[in-house]
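K.L.:
Data: coords_7.pdb, PDB, N, CA and C atoms.
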```
ATOM      1  N   MET A 445      -1.567  -7.357 -15.230
ATOM      2  CA  MET A 445      -0.230  -6.799 -15.393
ATOM      3  C   MET A 445       0.404  -6.728 -14.002
ATOM      4  N   SER A 446       1.610  -7.182 -13.907
ATOM      5  CA  SER A 446       2.319  -7.144 -12.623
ATOM      6  C   SER A 446       2.841  -5.732 -12.343
ATOM      7  N   SER A 447       3.228  -5.510 -11.097
ATOM      8  CA  SER A 447       3.764  -4.199 -10.713
ATOM      9  C   SER A 447       5.010  -3.853 -11.518
ATOM     10  N   CYS A 448       5.881  -4.823 -11.700
ATOM     11  CA  CYS A 448       7.109  -4.570 -12.469
ATOM     12  C   CYS A 448       6.793  -4.250 -13.930
ATOM     13  N   GLU A 449       5.826  -4.941 -14.494
ATOM     14  CA  GLU A 449       5.428  -4.651 -15.873
ATOM     15  C   GLU A 449       4.849  -3.245 -15.981
ATOM     16  N   LEU A 450       4.071  -2.863 -15.007
ATOM     17  CA  LEU A 450       3.493  -1.519 -15.011
ATOM     18  C   LEU A 450       4.574  -0.449 -14.929
ATOM     19  N   VAL A 451       5.547  -0.655 -14.043
ATOM     20  CA  VAL A 451       6.654   0.303 -13.914
ATOM     21  C   VAL A 451       7.429   0.394 -15.220
ATOM     22  N   ASN A 452       7.681  -0.732 -15.854
ATOM     23  CA  ASN A 452       8.399  -0.731 -17.132
ATOM     24  C   ASN A 452       7.605  -0.021 -18.223
ATOM     25  N   LEU A 453       6.298  -0.224 -18.246
ATOM     26  CA  LEU A 453       5.454   0.439 -19.237
ATOM     27  C   LEU A 453       5.496   1.959 -19.067
ATOM     28  N   VAL A 454       5.362   2.420 -17.823
ATOM     29  CA  VAL A 454       5.385   3.858 -17.562
ATOM     30  C   VAL A 454       6.742   4.451 -17.936
ATOM     31  N   SER A 455       7.817   3.740 -17.611
ATOM     32  CA  SER A 455       9.161   4.219 -17.966
ATOM     33  C   SER A 455       9.344   4.297 -19.472
ATOM     34  N   MET A 456       8.845   3.288 -20.179
ATOM     35  CA  MET A 456       8.947   3.282 -21.637
ATOM     36  C   MET A 456       8.167   4.452 -22.237
ATOM     37  N   LEU A 457       6.953   4.685 -21.719
ATOM     38  CA  LEU A 457       6.158   5.804 -22.215
ATOM     39  C   LEU A 457       6.852   7.137 -21.942
ATOM     40  N   SER A 458       7.468   7.259 -20.775
ATOM     41  CA  SER A 458       8.210   8.485 -20.453
ATOM     42  C   SER A 458       9.330   8.719 -21.452
ATOM     43  N   CYS A 459      10.063   7.683 -21.771
ATOM     44  CA  CYS A 459      11.166   7.810 -22.741
ATOM     45  C   CYS A 459      10.646   8.190 -24.121
ATOM     46  N   LEU A 460       9.540   7.585 -24.542
ATOM     47  CA  LEU A 460       8.965   7.919 -25.850
ATOM     48  C   LEU A 460       8.501   9.373 -25.887
ATOM     49  N   ILE A 461       7.902   9.840 -24.806
ATOM     50  CA  ILE A 461       7.460  11.233 -24.752
ATOM     51  C   ILE A 461       8.649  12.178 -24.841
ATOM     52  N   VAL A 462       9.704  11.905 -24.074
ATOM     53  CA  VAL A 462      10.890  12.765 -24.065
ATOM     54  C   VAL A 462      11.547  12.828 -25.442
ATOM     55  N   GLU A 463      11.509  11.711 -26.165
ATOM     56  CA  GLU A 463      12.142  11.657 -27.484
ATOM     57  C   GLU A 463      11.331  12.353 -28.573
ATOM     58  N   ASN A 464      10.037  12.612 -28.316
ATOM     59  CA  ASN A 464       9.176  13.110 -29.389
ATOM     60  C   ASN A 464       8.513  14.457 -29.128
ATOM     61  N   TYR A 465       8.735  15.048 -27.952
ATOM     62  CA  TYR A 465       8.106  16.317 -27.629
ATOM     63  C   TYR A 465       9.137  17.315 -27.129
ATOM     64  N   THR A 466       8.806  18.591 -27.261
ATOM     65  CA  THR A 466       9.699  19.644 -26.774
ATOM     66  C   THR A 466       9.621  19.716 -25.248
ATOM     67  N   ASP A 467      10.593  20.391 -24.658
ATOM     68  CA  ASP A 467      10.594  20.568 -23.202
ATOM     69  C   ASP A 467       9.322  21.271 -22.733
ATOM     70  N   GLU A 468       8.871  22.251 -23.501
ATOM     71  CA  GLU A 468       7.665  22.973 -23.131
ATOM     72  C   GLU A 468       6.443  22.058 -23.165
ATOM     73  N   GLU A 469       6.336  21.225 -24.190
ATOM     74  CA  GLU A 469       5.221  20.281 -24.289
ATOM     75  C   GLU A 469       5.278  19.241 -23.168
ATOM     76  N   ILE A 470       6.474  18.778 -22.837
ATOM     77  CA  ILE A 470       6.637  17.804 -21.758
ATOM     78  C   ILE A 470       6.227  18.412 -20.431
ATOM     79  N   SER A 471       6.551  19.670 -20.227
ATOM     80  CA  SER A 471       6.175  20.362 -19.005
ATOM     81  C   SER A 471       4.655  20.409 -18.847
ATOM     82  N   VAL A 472       3.956  20.702 -19.933
ATOM     83  CA  VAL A 472       2.495  20.746 -19.897
ATOM     84  C   VAL A 472       1.940  19.340 -19.654
ATOM     85  N   LEU A 473       2.480  18.346 -20.337
ATOM     86  CA  LEU A 473       2.020  16.970 -20.136
ATOM     87  C   LEU A 473       2.224  16.518 -18.688
ATOM     88  N   ALA A 474       3.365  16.865 -18.119
ATOM     89  CA  ALA A 474       3.631  16.505 -16.724
ATOM     90  C   ALA A 474       2.599  17.135 -15.803
ATOM     91  N   ALA A 475       2.270  18.395 -16.038
ATOM     92  CA  ALA A 475       1.265  19.073 -15.216
ATOM     93  C   ALA A 475      -0.112  18.432 -15.392
ATOM     94  N   VAL A 476      -0.457  18.076 -16.616
ATOM     95  CA  VAL A 476      -1.751  17.442 -16.893
ATOM     96  C   VAL A 476      -1.854  16.096 -16.177
ATOM     97  N   PHE A 477      -0.789  15.280 -16.273
ATOM     98  CA  PHE A 477      -0.836  13.964 -15.627
ATOM     99  C   PHE A 477      -0.837  14.084 -14.105
ATOM    100  N   THR A 478      -0.166  15.091 -13.574
ATOM    101  CA  THR A 478      -0.205  15.330 -12.129
ATOM    102  C   THR A 478      -1.605  15.701 -11.699
ATOM    103  N   GLN A 479      -2.242  16.598 -12.445
ATOM    104  CA  GLN A 479      -3.605  16.995 -12.118
ATOM    105  C   GLN A 479      -4.558  15.812 -12.246
ATOM    106  N   LEU A 480      -4.377  14.999 -13.270
ATOM    107  CA  LEU A 480      -5.214  13.817 -13.458
ATOM    108  C   LEU A 480      -5.097  12.890 -12.244
ATOM    109  N   GLY A 481      -3.863  12.624 -11.810
ATOM    110  CA  GLY A 481      -3.655  11.761 -10.651
ATOM    111  C   GLY A 481      -4.275  12.344  -9.397
ATOM    112  N   ASP A 482      -4.109  13.648  -9.196
ATOM    113  CA  ASP A 482      -4.697  14.309  -8.019
ATOM    114  C   ASP A 482      -6.222  14.258  -8.074
ATOM    115  N   SER A 483      -6.802  14.464  -9.245
ATOM    116  CA  SER A 483      -8.261  14.421  -9.385
ATOM    117  C   SER A 483      -8.792  13.019  -9.115
ATOM    118  N   LEU A 484      -8.109  12.009  -9.624
ATOM    119  CA  LEU A 484      -8.529  10.632  -9.363
ATOM    120  C   LEU A 484      -8.450  10.313  -7.871
ATOM    121  N   ALA A 485      -7.376  10.751  -7.215
ATOM    122  CA  ALA A 485      -7.224  10.521  -5.780
ATOM    123  C   ALA A 485      -8.331  11.226  -4.995
ATOM    124  N   THR A 486      -8.699  12.438  -5.405
ATOM    125  CA  THR A 486      -9.770  13.184  -4.742
ATOM    126  C   THR A 486     -11.107  12.468  -4.902
ATOM    127  N   ILE A 487     -11.390  12.000  -6.087
ATOM    128  CA  ILE A 487     -12.644  11.285  -6.340
ATOM    129  C   ILE A 487     -12.710  10.014  -5.497
ATOM    130  N   LEU A 488     -11.626   9.246  -5.470
ATOM    131  CA  LEU A 488     -11.614   8.021  -4.670
ATOM    132  C   LEU A 488     -11.774   8.309  -3.181
ATOM    133  N   ALA A 489     -11.091   9.326  -2.687
ATOM    134  CA  ALA A 489     -11.204   9.682  -1.276
ATOM    135  C   ALA A 489     -12.624  10.111  -0.938
ATOM    136  N   ASN A 490     -13.246  10.899  -1.800
ATOM    137  CA  ASN A 490     -14.618  11.339  -1.567
ATOM    138  C   ASN A 490     -15.583  10.162  -1.618
ATOM    139  N   ASN A 491     -15.392   9.250  -2.569
ATOM    140  CA  ASN A 491     -16.238   8.059  -2.646
ATOM    141  C   ASN A 491     -16.125   7.227  -1.371
ATOM    142  N   THR A 492     -14.920   7.074  -0.848
ATOM    143  CA  THR A 492     -14.704   6.327   0.389
ATOM    144  C   THR A 492     -15.432   7.003   1.544
ATOM    145  N   LEU A 493     -15.325   8.319   1.627
ATOM    146  CA  LEU A 493     -16.004   9.073   2.676
ATOM    147  C   LEU A 493     -17.519   8.894   2.576
ATOM    148  N   LEU A 494     -18.065   9.047   1.381
ATOM    149  CA  LEU A 494     -19.504   8.908   1.198
ATOM    150  C   LEU A 494     -19.980   7.491   1.519
ATOM    151  N   ASP A 495     -19.185   6.490   1.125
ATOM    152  CA  ASP A 495     -19.535   5.099   1.431
ATOM    153  C   ASP A 495     -19.547   4.855   2.932
ATOM    154  N   SER A 496     -18.539   5.373   3.643
ATOM    155  CA  SER A 496     -18.486   5.148   5.089
ATOM    156  C   SER A 496     -19.627   5.875   5.792
ATOM    157  N   LYS A 497     -19.992   7.063   5.323
ATOM    158  CA  LYS A 497     -21.136   7.784   5.901
ATOM    159  C   LYS A 497     -22.439   7.009   5.655
ATOM    160  N   SER A 498     -22.583   6.490   4.447
ATOM    161  CA  SER A 498     -23.781   5.737   4.100
ATOM    162  C   SER A 498     -23.890   4.481   4.968
ATOM    163  N   LYS A 499     -22.787   3.784   5.174
ATOM    164  CA  LYS A 499     -22.796   2.569   5.990
ATOM    165  C   LYS A 499     -23.089   2.884   7.440
ATOM    166  N   SER A 500     -22.547   3.999   7.953
ATOM    167  CA  SER A 500     -22.812   4.343   9.348
ATOM    168  C   SER A 500     -24.271   4.758   9.534
ATOM    169  N   GLU A 501     -24.860   5.372   8.532
ATOM    170  CA  GLU A 501     -26.289   5.709   8.607
ATOM    171  C   GLU A 501     -27.151   4.454   8.546
ATOM    172  N   ASP A 502     -26.725   3.469   7.765
ATOM    173  CA  ASP A 502     -27.459   2.211   7.667
ATOM    174  C   ASP A 502     -27.390   1.422   8.963
ATOM    175  N   ASP A 503     -26.276   1.565   9.709
ATOM    176  CA  ASP A 503     -26.078   0.833  10.949
ATOM    177  C   ASP A 503     -26.746   1.490  12.148
ATOM    178  N   SER A 504     -27.129   2.751  12.028
ATOM    179  CA  SER A 504     -27.720   3.446  13.165
ATOM    180  C   SER A 504     -29.180   3.001  13.331
ATOM    181  N   PRO A 505     -29.622   2.945  14.590
ATOM    182  CA  PRO A 505     -30.998   2.504  14.850
ATOM    183  C   PRO A 505     -32.014   3.499  14.280
ATOM    184  N   PRO A 506     -33.175   3.011  13.871
ATOM    185  CA  PRO A 506     -34.205   3.893  13.274
ATOM    186  C   PRO A 506     -34.819   4.845  14.271
TER     187      PRO A 506
END
```
Turn the structure described in the file into structure tokens.
P.N.:
Amino acid sequence: MSSCELVNLVSMLSCLIVENYTDEEISVLAAVFTQLGDSLATILANNTLLDSKSKSEDDSPP
């Protein structure tokens, strides 16, 4: 999927959500998706840190 296709998909999903849920439900969904994105970013950052530590330990002399 190209970047433009992805942006269009997300926009379409946003419109469908707005048309079918109350403002209160949308507010909760927005918070959930924000937390999901933050959690994924935290996991990726931690994995990168652990990988770099592991590689530096592998490169150090015995």
K.L.:
As AutoDock Vina command-line options, what would the box around segment 482-496 of chain A look like: edges along x, y and z, 8 Å added on every side, centre and edge lengths in Å to one decimal?
P.N.:
```
--center_x -12.0 --center_y 9.7 --center_z -1.9 --size_x 31.9 --size_y 25.6 --size_z 31.4
```
K.L.:
To one decimal place, how far is atom CA of Thr486 of chain A from atom CA of Ile461 of chain A in Å?
P.N.:
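Separation between atom CA of Thr486 of chain A and atom CA of Ile461 of chain A: 26.5 Å.
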K.L.:
Can you work out the spacing between atom CA of Gly481 of chain A and atom CA of Val454 of chain A in Å, to one decimal?
P.N.:
13.9 Å
K.L.:
One decimal, in Å: what's the spacing between atom CA of Ser483 of chain A and atom CA of Ile470 of chain A?
P.N.:
19.7 Å
K.L.:
Complete the atoms of segment 479-496 of chain A to N, CA, C and O atoms and put them out as an mmCIF file, in the coordinates of the input.
P.N.:
```
data_model
loop_
_atom_site.group_PDB
_atom_site.id
_atom_site.type_symbol
_atom_site.label_atom_id
_atom_site.label_comp_id
_atom_site.auth_asym_id
_atom_site.auth_seq_id
_atom_site.Cartn_x
_atom_site.Cartn_y
_atom_site.Cartn_z
ATOM 1 N N GLN A 479 -2.242 16.598 -12.445
ATOM 2 C CA GLN A 479 -3.605 16.995 -12.118
ATOM 3 C C GLN A 479 -4.558 15.812 -12.246
ATOM 4 O O GLN A 479 -5.460 15.640 -11.418
ATOM 5 N N LEU A 480 -4.377 14.999 -13.270
ATOM 6 C CA LEU A 480 -5.214 13.817 -13.458
ATOM 7 C C LEU A 480 -5.097 12.890 -12.244
ATOM 8 O O LEU A 480 -6.110 12.440 -11.694
ATOM 9 N N GLY A 481 -3.863 12.624 -11.810
ATOM 10 C CA GLY A 481 -3.655 11.761 -10.651
ATOM 11 C C GLY A 481 -4.275 12.344 -9.397
ATOM 12 O O GLY A 481 -4.913 11.626 -8.610
ATOM 13 N N ASP A 482 -4.109 13.648 -9.196
ATOM 14 C CA ASP A 482 -4.697 14.309 -8.019
ATOM 15 C C ASP A 482 -6.222 14.258 -8.074
ATOM 16 O O ASP A 482 -6.882 14.029 -7.054
ATOM 17 N N SER A 483 -6.802 14.464 -9.245
ATOM 18 C CA SER A 483 -8.261 14.421 -9.385
ATOM 19 C C SER A 483 -8.792 13.019 -9.115
ATOM 20 O O SER A 483 -9.823 12.855 -8.434
ATOM 21 N N LEU A 484 -8.109 12.009 -9.624
ATOM 22 C CA LEU A 484 -8.529 10.632 -9.363
ATOM 23 C C LEU A 484 -8.450 10.313 -7.871
ATOM 24 O O LEU A 484 -9.361 9.688 -7.311
ATOM 25 N N ALA A 485 -7.376 10.751 -7.215
ATOM 26 C CA ALA A 485 -7.224 10.521 -5.780
ATOM 27 C C ALA A 485 -8.331 11.226 -4.995
ATOM 28 O O ALA A 485 -8.875 10.672 -4.033
ATOM 29 N N THR A 486 -8.699 12.438 -5.405
ATOM 30 C CA THR A 486 -9.770 13.184 -4.742
ATOM 31 C C THR A 486 -11.107 12.468 -4.902
ATOM 32 O O THR A 486 -11.870 12.336 -3.935
ATOM 33 N N ILE A 487 -11.390 12.000 -6.087
ATOM 34 C CA ILE A 487 -12.644 11.285 -6.340
ATOM 35 C C ILE A 487 -12.710 10.014 -5.497
ATOM 36 O O ILE A 487 -13.735 9.732 -4.855
ATOM 37 N N LEU A 488 -11.626 9.246 -5.470
ATOM 38 C CA LEU A 488 -11.614 8.021 -4.670
ATOM 39 C C LEU A 488 -11.774 8.309 -3.181
ATOM 40 O O LEU A 488 -12.519 7.611 -2.478
ATOM 41 N N ALA A 489 -11.091 9.326 -2.687
ATOM 42 C CA ALA A 489 -11.204 9.682 -1.276
ATOM 43 C C ALA A 489 -12.624 10.111 -0.938
ATOM 44 O O ALA A 489 -13.174 9.721 0.101
ATOM 45 N N ASN A 490 -13.246 10.899 -1.800
ATOM 46 C CA ASN A 490 -14.618 11.339 -1.567
ATOM 47 C C ASN A 490 -15.583 10.162 -1.618
ATOM 48 O O ASN A 490 -16.499 10.065 -0.793
ATOM 49 N N ASN A 491 -15.392 9.250 -2.569
ATOM 50 C CA ASN A 491 -16.238 8.059 -2.646
ATOM 51 C C ASN A 491 -16.125 7.227 -1.371
ATOM 52 O O ASN A 491 -17.132 6.735 -0.858
ATOM 53 N N THR A 492 -14.920 7.074 -0.848
ATOM 54 C CA THR A 492 -14.704 6.327 0.389
ATOM 55 C C THR A 492 -15.432 7.003 1.544
ATOM 56 O O THR A 492 -16.088 6.342 2.359
ATOM 57 N N LEU A 493 -15.325 8.319 1.627
ATOM 58 C CA LEU A 493 -16.004 9.073 2.676
ATOM 59 C C LEU A 493 -17.519 8.894 2.576
ATOM 60 O O LEU A 493 -18.194 8.617 3.575
ATOM 61 N N LEU A 494 -18.065 9.047 1.381
ATOM 62 C CA LEU A 494 -19.504 8.908 1.198
ATOM 63 C C LEU A 494 -19.980 7.491 1.519
ATOM 64 O O LEU A 494 -21.042 7.306 2.128
ATOM 65 N N ASP A 495 -19.185 6.490 1.125
ATOM 66 C CA ASP A 495 -19.535 5.099 1.431
ATOM 67 C C ASP A 495 -19.547 4.855 2.932
ATOM 68 O O ASP A 495 -20.450 4.200 3.457
ATOM 69 N N SER A 496 -18.539 5.373 3.643
ATOM 70 C CA SER A 496 -18.486 5.148 5.089
ATOM 71 C C SER A 496 -19.627 5.875 5.792
ATOM 72 O O SER A 496 -20.196 5.367 6.755
#
```
